[in-house]
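target29.pdb follows (PDB, C-alpha atoms, pLDDT in the B column):
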```pdb
ATOM      1  CA  MET A   1     -98.677 -77.072 124.001  1.00 67.00           C
ATOM      2  CA  THR A   2     -95.540 -78.892 124.559  1.00 72.00           C
ATOM      3  CA  GLU A   3     -95.854 -80.183 121.190  1.00 75.00           C
ATOM      4  CA  GLU A   4     -96.114 -76.700 119.868  1.00 76.00           C
ATOM      5  CA  ARG A   5     -93.083 -75.731 121.827  1.00 77.00           C
ATOM      6  CA  ASN A   6     -91.205 -78.682 120.418  1.00 84.00           C
ATOM      7  CA  LEU A   7     -92.388 -77.712 117.015  1.00 84.00           C
ATOM      8  CA  ALA A   8     -91.347 -74.132 117.610  1.00 86.00           C
ATOM      9  CA  ALA A   9     -87.993 -75.299 118.871  1.00 85.00           C
ATOM     10  CA  GLU A  10     -87.602 -77.563 115.891  1.00 86.00           C
ATOM     11  CA  LEU A  11     -88.612 -74.737 113.589  1.00 87.00           C
ATOM     12  CA  SER A  12     -86.137 -72.509 115.340  1.00 90.00           C
ATOM     13  CA  LEU A  13     -83.436 -75.141 114.933  1.00 90.00           C
ATOM     14  CA  LEU A  14     -84.434 -75.640 111.319  1.00 90.00           C
ATOM     15  CA  ALA A  15     -84.337 -71.885 110.771  1.00 91.00           C
ATOM     16  CA  THR A  16     -80.888 -71.773 112.347  1.00 93.00           C
ATOM     17  CA  ASP A  17     -79.829 -74.670 110.144  1.00 91.00           C
ATOM     18  CA  VAL A  18     -81.303 -72.920 107.110  1.00 94.00           C
ATOM     19  CA  ASP A  19     -79.478 -69.709 108.052  1.00 93.00           C
ATOM     20  CA  SER A  20     -76.248 -71.668 108.551  1.00 94.00           C
ATOM     21  CA  LEU A  21     -76.753 -73.480 105.277  1.00 94.00           C
ATOM     22  CA  ALA A  22     -77.641 -70.210 103.523  1.00 94.00           C
ATOM     23  CA  LYS A  23     -74.512 -68.646 104.973  1.00 95.00           C
ATOM     24  CA  ALA A  24     -72.441 -71.667 103.944  1.00 95.00           C
ATOM     25  CA  LEU A  25     -74.029 -71.531 100.493  1.00 95.00           C
ATOM     26  CA  ALA A  26     -73.222 -67.835 100.201  1.00 95.00           C
ATOM     27  CA  GLN A  27     -69.670 -68.529 101.307  1.00 96.00           C
ATOM     28  CA  ALA A  28     -69.367 -71.432  98.878  1.00 96.00           C
ATOM     29  CA  GLN A  29     -70.773 -69.302  96.063  1.00 96.00           C
ATOM     30  CA  ALA A  30     -68.358 -66.482  96.959  1.00 96.00           C
ATOM     31  CA  GLU A  31     -65.508 -68.997  97.074  1.00 96.00           C
ATOM     32  CA  LEU A  32     -66.662 -70.420  93.735  1.00 96.00           C
ATOM     33  CA  GLU A  33     -66.750 -66.919  92.258  1.00 96.00           C
ATOM     34  CA  ARG A  34     -63.260 -66.199  93.606  1.00 96.00           C
ATOM     35  CA  GLU A  35     -62.038 -69.483  92.126  1.00 96.00           C
ATOM     36  CA  ARG A  36     -63.657 -68.686  88.776  1.00 96.00           C
ATOM     37  CA  GLU A  37     -62.052 -65.224  88.793  1.00 96.00           C
ATOM     38  CA  HIS A  38     -58.748 -66.759  89.789  1.00 97.00           C
ATOM     39  CA  HIS A  39     -59.030 -69.313  86.940  1.00 97.00           C
ATOM     40  CA  ARG A  40     -60.036 -66.577  84.503  1.00 96.00           C
ATOM     41  CA  ARG A  41     -56.939 -64.548  85.482  1.00 97.00           C
ATOM     42  CA  GLU A  42     -54.788 -67.684  85.253  1.00 97.00           C
ATOM     43  CA  ARG A  43     -56.153 -68.416  81.762  1.00 97.00           C
ATOM     44  CA  LEU A  44     -55.457 -64.814  80.706  1.00 97.00           C
ATOM     45  CA  GLN A  45     -51.972 -64.982  82.143  1.00 97.00           C
ATOM     46  CA  ALA A  46     -51.408 -68.364  80.459  1.00 97.00           C
ATOM     47  CA  GLU A  47     -52.549 -66.898  77.115  1.00 97.00           C
ATOM     48  CA  GLU A  48     -50.286 -63.896  77.618  1.00 97.00           C
ATOM     49  CA  LEU A  49     -47.383 -66.214  78.432  1.00 97.00           C
ATOM     50  CA  ARG A  50     -48.128 -68.289  75.310  1.00 97.00           C
ATOM     51  CA  GLN A  51     -48.045 -65.104  73.221  1.00 97.00           C
ATOM     52  CA  GLN A  52     -44.780 -64.052  74.847  1.00 97.00           C
ATOM     53  CA  LEU A  53     -43.386 -67.516  74.199  1.00 98.00           C
ATOM     54  CA  ARG A  54     -44.382 -67.342  70.508  1.00 97.00           C
ATOM     55  CA  GLN A  55     -42.788 -63.900  70.263  1.00 97.00           C
ATOM     56  CA  ALA A  56     -39.649 -65.133  72.034  1.00 97.00           C
ATOM     57  CA  ARG A  57     -39.459 -68.100  69.647  1.00 97.00           C
ATOM     58  CA  ARG A  58     -39.793 -65.776  66.643  1.00 97.00           C
ATOM     59  CA  ARG A  59     -37.046 -63.528  68.036  1.00 97.00           C
ATOM     60  CA  ALA A  60     -34.869 -66.576  68.778  1.00 97.00           C
ATOM     61  CA  ALA A  61     -35.346 -67.859  65.222  1.00 97.00           C
ATOM     62  CA  ALA A  62     -34.503 -64.427  63.829  1.00 96.00           C
ATOM     63  CA  ALA A  63     -31.476 -64.201  66.111  1.00 97.00           C
ATOM     64  CA  GLU A  64     -30.369 -67.664  65.008  1.00 96.00           C
ATOM     65  CA  ARG A  65     -30.663 -66.661  61.343  1.00 96.00           C
ATOM     66  CA  GLU A  66     -28.715 -63.486  62.077  1.00 96.00           C
ATOM     67  CA  LEU A  67     -26.101 -65.500  63.951  1.00 95.00           C
ATOM     68  CA  VAL A  68     -25.712 -67.844  60.976  1.00 95.00           C
ATOM     69  CA  LYS A  69     -25.407 -64.841  58.659  1.00 96.00           C
ATOM     70  CA  VAL A  70     -22.870 -63.157  60.936  1.00 95.00           C
ATOM     71  CA  GLY A  71     -20.950 -66.418  61.203  1.00 95.00           C
ATOM     72  CA  ALA A  72     -20.865 -66.784  57.428  1.00 95.00           C
ATOM     73  CA  ASP A  73     -19.873 -63.143  57.012  1.00 95.00           C
ATOM     74  CA  SER A  74     -17.193 -63.630  59.668  1.00 95.00           C
ATOM     75  CA  ASP A  75     -15.863 -66.730  57.926  1.00 95.00           C
ATOM     76  CA  ALA A  76     -15.775 -64.881  54.627  1.00 95.00           C
ATOM     77  CA  ALA A  77     -13.989 -61.937  56.265  1.00 96.00           C
ATOM     78  CA  VAL A  78     -11.459 -64.294  57.843  1.00 96.00           C
ATOM     79  CA  ASN A  79     -10.859 -65.985  54.477  1.00 96.00           C
ATOM     80  CA  ARG A  80     -10.422 -62.600  52.782  1.00 97.00           C
ATOM     81  CA  ALA A  81      -8.076 -61.439  55.541  1.00 97.00           C
ATOM     82  CA  GLU A  82      -6.040 -64.640  55.325  1.00 97.00           C
ATOM     83  CA  GLY A  83      -5.803 -64.297  51.539  1.00 96.00           C
ATOM     84  CA  LYS A  84      -4.764 -60.664  51.861  1.00 97.00           C
ATOM     85  CA  GLU A  85      -2.229 -61.624  54.522  1.00 97.00           C
ATOM     86  CA  ARG A  86      -0.718 -64.285  52.225  1.00 97.00           C
ATOM     87  CA  GLU A  87      -0.605 -61.779  49.398  1.00 97.00           C
ATOM     88  CA  LEU A  88       1.050 -59.153  51.611  1.00 97.00           C
ATOM     89  CA  ARG A  89       3.541 -61.701  52.949  1.00 97.00           C
ATOM     90  CA  GLU A  90       4.466 -62.635  49.379  1.00 97.00           C
ATOM     91  CA  GLN A  91       4.898 -58.958  48.518  1.00 97.00           C
ATOM     92  CA  LEU A  92       6.990 -58.500  51.662  1.00 97.00           C
ATOM     93  CA  ASP A  93       9.187 -61.469  50.729  1.00 97.00           C
ATOM     94  CA  GLN A  94       9.591 -60.100  47.213  1.00 97.00           C
ATOM     95  CA  ALA A  95      10.421 -56.661  48.608  1.00 97.00           C
ATOM     96  CA  ARG A  96      13.016 -58.200  50.957  1.00 97.00           C
ATOM     97  CA  GLN A  97      14.562 -60.119  48.071  1.00 97.00           C
ATOM     98  CA  THR A  98      14.605 -56.934  45.983  1.00 97.00           C
ATOM     99  CA  ILE A  99      16.242 -55.081  48.869  1.00 97.00           C
ATOM    100  CA  GLU A 100      18.912 -57.761  49.138  1.00 97.00           C
ATOM    101  CA  VAL A 101      19.545 -57.625  45.383  1.00 97.00           C
ATOM    102  CA  LEU A 102      19.708 -53.828  45.504  1.00 97.00           C
ATOM    103  CA  ARG A 103      22.079 -53.920  48.508  1.00 97.00           C
ATOM    104  CA  HIS A 104      24.322 -56.291  46.597  1.00 97.00           C
ATOM    105  CA  GLU A 105      24.180 -54.048  43.525  1.00 96.00           C
ATOM    106  CA  VAL A 106      24.855 -50.946  45.654  1.00 97.00           C
ATOM    107  CA  ALA A 107      27.836 -52.676  47.273  1.00 96.00           C
ATOM    108  CA  GLN A 108      29.105 -53.757  43.863  1.00 97.00           C
ATOM    109  CA  THR A 109      28.579 -50.258  42.446  1.00 97.00           C
ATOM    110  CA  GLU A 110      30.331 -48.765  45.489  1.00 96.00           C
ATOM    111  CA  ASN A 111      33.275 -51.137  44.956  1.00 96.00           C
ATOM    112  CA  GLU A 112      33.418 -50.146  41.277  1.00 96.00           C
ATOM    113  CA  ARG A 113      33.202 -46.449  42.217  1.00 96.00           C
ATOM    114  CA  THR A 114      36.040 -46.872  44.736  1.00 96.00           C
ATOM    115  CA  ALA A 115      38.133 -48.680  42.131  1.00 95.00           C
ATOM    116  CA  LEU A 116      37.379 -45.976  39.558  1.00 96.00           C
ATOM    117  CA  GLU A 117      38.239 -43.287  42.099  1.00 95.00           C
ATOM    118  CA  LEU A 118      41.575 -44.984  42.800  1.00 96.00           C
ATOM    119  CA  ASN A 119      42.209 -45.317  39.064  1.00 96.00           C
ATOM    120  CA  LEU A 120      41.332 -41.651  38.588  1.00 95.00           C
ATOM    121  CA  ARG A 121      43.781 -40.616  41.327  1.00 96.00           C
ATOM    122  CA  GLU A 122      46.436 -42.768  39.758  1.00 96.00           C
ATOM    123  CA  VAL A 123      45.746 -41.323  36.280  1.00 96.00           C
ATOM    124  CA  LEU A 124      45.730 -37.766  37.661  1.00 95.00           C
ATOM    125  CA  GLY A 125      48.995 -38.508  39.507  1.00 94.00           C
ATOM    126  CA  ASN A 126      50.469 -39.890  36.263  1.00 95.00           C
ATOM    127  CA  LEU A 127      49.250 -36.811  34.361  1.00 94.00           C
ATOM    128  CA  ARG A 128      50.800 -34.496  36.938  1.00 94.00           C
ATOM    129  CA  GLU A 129      54.039 -36.422  36.762  1.00 93.00           C
ATOM    130  CA  ALA A 130      53.906 -36.353  32.974  1.00 92.00           C
ATOM    131  CA  ALA A 131      53.200 -32.613  33.069  1.00 91.00           C
ATOM    132  CA  ARG A 132      56.159 -32.032  35.383  1.00 92.00           C
ATOM    133  CA  THR A 133      58.356 -34.153  33.215  1.00 92.00           C
ATOM    134  CA  ALA A 134      57.093 -32.321  30.144  1.00 87.00           C
ATOM    135  CA  ASN A 135      57.784 -28.957  31.793  1.00 85.00           C
ATOM    136  CA  HIS A 136      61.363 -30.002  32.546  1.00 81.00           C
ATOM    137  CA  SER A 137      61.956 -31.243  29.030  1.00 75.00           C
ATOM    138  CA  THR A 138      60.448 -28.097  27.419  1.00 64.00           C
ATOM    139  CA  ASP A 139      62.632 -25.950  29.560  1.00 57.00           C
ATOM    140  CA  GLU A 140      65.701 -27.845  28.412  1.00 55.00           C
ATOM    141  CA  SER A 141      64.896 -27.944  24.724  1.00 53.00           C
ATOM    142  CA  THR A 142      62.601 -26.223  22.314  1.00 49.00           C
ATOM    143  CA  LEU A 143      59.623 -28.269  21.377  1.00 48.00           C
ATOM    144  CA  VAL A 144      57.589 -27.986  18.242  1.00 50.00           C
ATOM    145  CA  THR A 145      54.026 -28.439  19.082  1.00 52.00           C
ATOM    146  CA  THR A 146      51.561 -29.704  16.591  1.00 52.00           C
ATOM    147  CA  HIS A 147      47.896 -29.644  16.878  1.00 55.00           C
ATOM    148  CA  VAL A 148      46.468 -33.182  17.211  1.00 53.00           C
ATOM    149  CA  PRO A 149      42.949 -33.486  15.834  1.00 58.00           C
ATOM    150  CA  ASP A 150      40.235 -34.443  18.369  1.00 59.00           C
ATOM    151  CA  ASN A 151      39.126 -38.017  17.777  1.00 60.00           C
ATOM    152  CA  GLY A 152      36.386 -37.986  20.479  1.00 58.00           C
ATOM    153  CA  TRP A 153      38.471 -39.380  23.296  1.00 52.00           C
TER     154      TRP A 153
END
```

Starting from the coordinates I provided, produce the structure as structure tokens.
Amino acid sequence: MTEERNLAAELSLLATDVDSLAKALAQAQAELEREREHHRRERLQAEELRQQLRQARRRAAAAERELVKVGADSDAAVNRAEGKERELREQLDQARQTIEVLRHEVAQTENERTALELNLREVLGNLREAARTANHSTDESTLVTTHVPDNGW
């Protein structure tokens, strides 16, 4: 009987061990399942990140090509602007030179006009004096006037 009790106790201990081991197995299996799920999600996330990386690389390559194109276009625009600036500066210099020439010509023409104006005053003064002198001489003596043909002067 004692032996049976020992056997019963051993069976009870074995049953407890089996229950503990079954519980530990269930926990280990649950942990394994959680780990598998975690790894599956990590793999999915890693794949998604790889796809995002590929997309980012494609966008970066496209942006780099666009940057090169914009840089080339910018360089061309700068060259055109510099050429146009040189051309406009040359035109400006020519215009300034023309202005100086015209100012000189205007000053010269103004000097000639002033001289002609003075000459005209002098001639008109001489004509008035000649007319006065002629009036005095016609009053004093009778003049015979003859018609002088017009020679275009």

Q. Mind pulling up the distance from atom CA of Ala46 of chain A to atom CA of Gln29 of chain A?
A. 24.9 Å

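Note that atom CA of Glu64 of chain A and atom CA of Leu49 of chain A are 21.7 Å apart.
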
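Taking atom CA of Glu105 of chain A as the reference point, atom CA of Glu117 of chain A is found at 17.8 Å.
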